[in-house]
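Each remark here refers to the structure printed beneath this line.
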Protein chains: 2
Amino acid sequence: MAATPATQPLQVLGIAGSLRRASYNRQLLESARRLAPPALVITPFDIAEVPLYNADHDTDAARPEAVRRLKQAIAASDAVLFAAPEYNHGVPGVLQNAIDWASRPAFASPLAGKPVGMMGASGGISGTMRGQQALKLVLMSTLALMFPHAGIAITLAKDKFDAGGTLAHEPTRELLAVYLADFERWVRRQAALPR
Amino acid sequence: MAATPATQPLQVLGIAGSLRRASYNRQLLESARRLAPPALVITPFDIAEVPLYNADHDTDAARPEAVRRLKQAIAASDAVLFAAPEYNHGVPGVLQNAIDWASRPAFASPLAGKPVGMMGASGGISGTMRGQQALKLVLMSTLALMFPHAGIAITLAKDKFDAGGTLAHEPTRELLAVYLADFERWVRRQAALPR
C-alpha cells in the first residue's frame, strides 16, 4: 500500500548558525534530528564553505559551488529549520551571509514560500531571543513562511546539554519534541495550501 | 605653534558593507572621504579578507591576520563610519561578520566606547533604512557610541551617483557634508567626555 501524502516523510534542511565545532546550536540541531517525529527527517547542511557574499560572483557563471549546493538543498526540502546563536543581539554574520546568497533573486529565491522554523541556545540568559527576532525579519523579507510559535530559546545551555553534546534537560527535551511535532503539522498544512 | 586639540585631525575608519566592486556604498564612502571637513580624515578598511567567524579560531594563537588588522585599525581610530547596503531588511552578512570578530571580547572590544556613524545607499526606495535600524541595534550591543542623527539614507542611487562613481546629486552632497560636519563635532564632544 502506498503511503498517503500525510505519512510521506517531510524533508527538513537543518542549518546551524555557528561554525564552532562544539557549538550548542549544532548540538541542538542534532538533538532535534533525533527527537523529531518519524516522518520529519532533518538533514543538516554545513554553511562553513559558503564564502562571503559578493554580488559580482552571484551569476550563473561565477556562483560558488557551496552556494549552488545550499540553494539546491533548500529548493529540494519541504522546510528549513535554523538553530542559531545570537551574535551582538543579531543574526550571526555567517548565517546572514548564507541567507544573503540563498535569498537571490529577491522574491523568487528557493526561500520564497518555503516554510521555516528556528531554535536557539545560548550560554547566558538571552536564549538567543533577540537574535531570533532579527532572524524572523530577515527571513520574512525573503517571503519565507515563518512558523508562528512561541519557539525554542534555550538559556544557560551548559546546564541543558551533557558532556557528549546531547540535550539532556528533560523539560527542554519535551518542549523541543512538542515544537517539532507542531512544526511537522504546520509544514504539512502549508504544503496543502494553494500557492 | 602646536595644533590645539580642537584642530587635530580626527582619524575615522571607513567600512563599506558590500564587497561588490562597483558598490554604491563603496562609492558613498569615497564621496564622504572627499566631502569631509579638513580635520575629519576618513581611511577605508576593506573587509573582503575577513573570514567567516569561528569562535574556535578567535584565540590569540589562531586569530586570522585580517581580523587582527581590523581590530587594530578600529582601536587606533577616533571613530568608525559605516556605509552599508541593506540585505534582506537587515545587516549584510559580510558586515555583521566583521563586527562579530571586532566585537570580541564582549563589552571590552575595540568597539566598546567607540563613536560610530552610518550611511547607506540603495538602488530602490528603502535607502537602507531597515538595514540601518538593525545595524544600530547590533552596534549598540557592542557598547559603541551611536551618533544620534537623522542619518544618510540615499534612495534610487542610480540617479544620485554619476558614471564615475561620484555622488553627484547636489542636494544629497549638501546633506552628506552637513552630516560629516555634525559627525566631527559630535565625535570631538565624545572624546572630551570622561570615560
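By order of appearance in the C-alpha cells: chains A, B, ..., then residues from 1 within every chain, and ligands from 1 in the order shown.
Every protein or nucleic acid residue with an atom no more than 7 Å from A:Pro115, counting only C-alpha atoms and leaving out same-chain residues fewer than 4 positions away, appears here: Ala79, Val80, Ala144, Leu145, Met146, Phe147 and Val187 of chain A.
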Can you list every residue of chain B that has an atom at most 12 Å from chain A, with its nearest atom pair and the distance in Å to one decimal, using only C-alpha atoms, ordered by chain then number, as CSV?
```
residue,atom,partner,partner_atom,distance
B:Gly17,CA,A:Tyr53,CA,10.4
B:Ser18,CA,A:Asn54,CA,7.2
B:Leu19,CA,A:Asn54,CA,5.3
B:Arg20,CA,A:Asn54,CA,5.4
B:Arg21,CA,A:Asp56,CA,7.2
B:Ala22,CA,A:Asp56,CA,8.8
B:Ser23,CA,A:Ala55,CA,9.0
B:Ile47,CA,A:Leu52,CA,9.8
B:Ala48,CA,A:Leu52,CA,7.7
B:Glu49,CA,A:Leu52,CA,9.1
B:Val50,CA,A:Leu52,CA,8.8
B:Pro51,CA,A:Leu52,CA,7.6
B:Leu52,CA,A:Val94,CA,5.9
B:Tyr53,CA,A:Val94,CA,6.5
B:Asn54,CA,A:Leu19,CA,5.3
B:Ala55,CA,A:Arg20,CA,5.6
B:Asp56,CA,A:Arg20,CA,5.6
B:His57,CA,A:Arg20,CA,8.6
B:Asp58,CA,A:Arg20,CA,10.0
B:Pro85,CA,A:Ala55,CA,11.7
B:Glu86,CA,A:Asp100,CA,10.2
B:Tyr87,CA,A:Asp100,CA,6.6
B:Asn88,CA,A:Val138,CA,5.3
B:His89,CA,A:Val138,CA,5.8
B:Gly90,CA,A:Val138,CA,6.0
B:Val91,CA,A:Gln96,CA,7.9
B:Pro92,CA,A:Asn97,CA,6.8
B:Gly93,CA,A:Asn97,CA,3.9
B:Val94,CA,A:Leu52,CA,5.9
B:Leu95,CA,A:Gly93,CA,7.1
B:Gln96,CA,A:Gly93,CA,4.5
B:Asn97,CA,A:Gly93,CA,3.9
B:Ala98,CA,A:Gly93,CA,7.6
B:Ile99,CA,A:Gly93,CA,8.2
B:Asp100,CA,A:Tyr87,CA,6.6
B:Trp101,CA,A:Gly93,CA,9.5
B:Ala102,CA,A:Asn88,CA,10.6
B:Ser103,CA,A:Asn88,CA,7.7
B:Arg104,CA,A:Asn88,CA,9.7
B:Pro105,CA,A:Asn88,CA,11.2
B:Ala106,CA,A:Asn88,CA,8.6
B:Phe107,CA,A:Asn88,CA,10.2
B:Ser109,CA,A:Asn88,CA,11.9
B:Leu111,CA,A:Asn88,CA,11.5
B:Arg130,CA,A:Leu137,CA,9.9
B:Gly131,CA,A:Val138,CA,9.8
B:Gln133,CA,A:Ala134,CA,10.6
B:Ala134,CA,A:Ala134,CA,7.6
B:Leu135,CA,A:Gly90,CA,8.7
B:Lys136,CA,A:Gly90,CA,10.4
B:Leu137,CA,A:His89,CA,7.1
B:Val138,CA,A:Asn88,CA,5.3
B:Leu139,CA,A:Asn88,CA,7.4
B:Met140,CA,A:Asn88,CA,8.4
B:Ser141,CA,A:Asn88,CA,5.5
B:Thr142,CA,A:Asn88,CA,6.5
B:Leu143,CA,A:Asn88,CA,9.9
B:Ala144,CA,A:Asn88,CA,11.3
```
With DSSP run on the backbone, what are the alpha helix (DSSP H) residues within chain B? I'd like them as a ChimeraX atom specification.
/B:24-35,65-76,93-102,129-141,170-192
DSSP strand (DSSP E or B) residues within stretch 4-122 of chain B, listed as a ChimeraX atom specification:
/B:10-16,40-45,79-83,87,90,115-121
Within 10 Å of B:Trp186, counting only C-alpha atoms, which residues qualify if same-chain residues fewer than 4 places away don't, as a list in words?
Pro115, Phe147, Pro148, Leu180, Ala181, Asp182, Gln190, Ala191 and Ala192 of chain B
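Distance-wise, atom CA of A:Ala150 and atom CA of A:Ala163 end up 27.8 Å apart.
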Using only C-alpha atoms: which of A:Leu156, A:Leu13, A:Ile125, A:Ile42 has the shortest distance to A:Ala73:
A:Leu13
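Across B:Val67, B:Ile74, B:Ala62, B:Leu81, the tightest approach to B:Ala16 is made by B:Leu81 when counting only C-alpha atoms.
Taking atom CA of A:Ala121 as the reference point, atom CA of A:Val178 is found at 16.8 Å.
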What is the distance, in Å and to one decimal place, between atom CA of B:Gly113 and atom CA of B:Met129?
23.9 Å
So which residues touch A:Glu174 within 12 Å, counting only C-alpha atoms, skipping near sequence neighbours fewer than 3 positions away, as a compact mmCIF listing (two decimals) with C-alpha atoms, in the first residue's frame?
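Below is the file that was written, out_6.txt:
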```txt
# COMPACT_ATOMS: atom_id res chain seq x y z
CA SER A 31 19.24 16.66 19.25
CA ALA A 32 16.26 17.92 17.23
CA LEU A 35 13.82 13.91 18.77
CA ALA A 36 11.85 14.64 15.60
CA ILE A 152 12.65 27.27 21.31
CA LEU A 167 20.26 17.97 25.00
CA ALA A 168 19.76 16.18 28.32
CA HIS A 169 17.48 18.51 30.28
CA GLU A 170 14.20 16.61 30.27
CA PRO A 171 11.73 19.55 30.34
CA ALA A 177 9.63 17.36 20.88
CA VAL A 178 6.36 19.28 21.02
CA TYR A 179 7.83 22.06 18.87
CA LEU A 180 8.93 19.54 16.25
CA ALA A 181 5.56 17.78 16.20
```
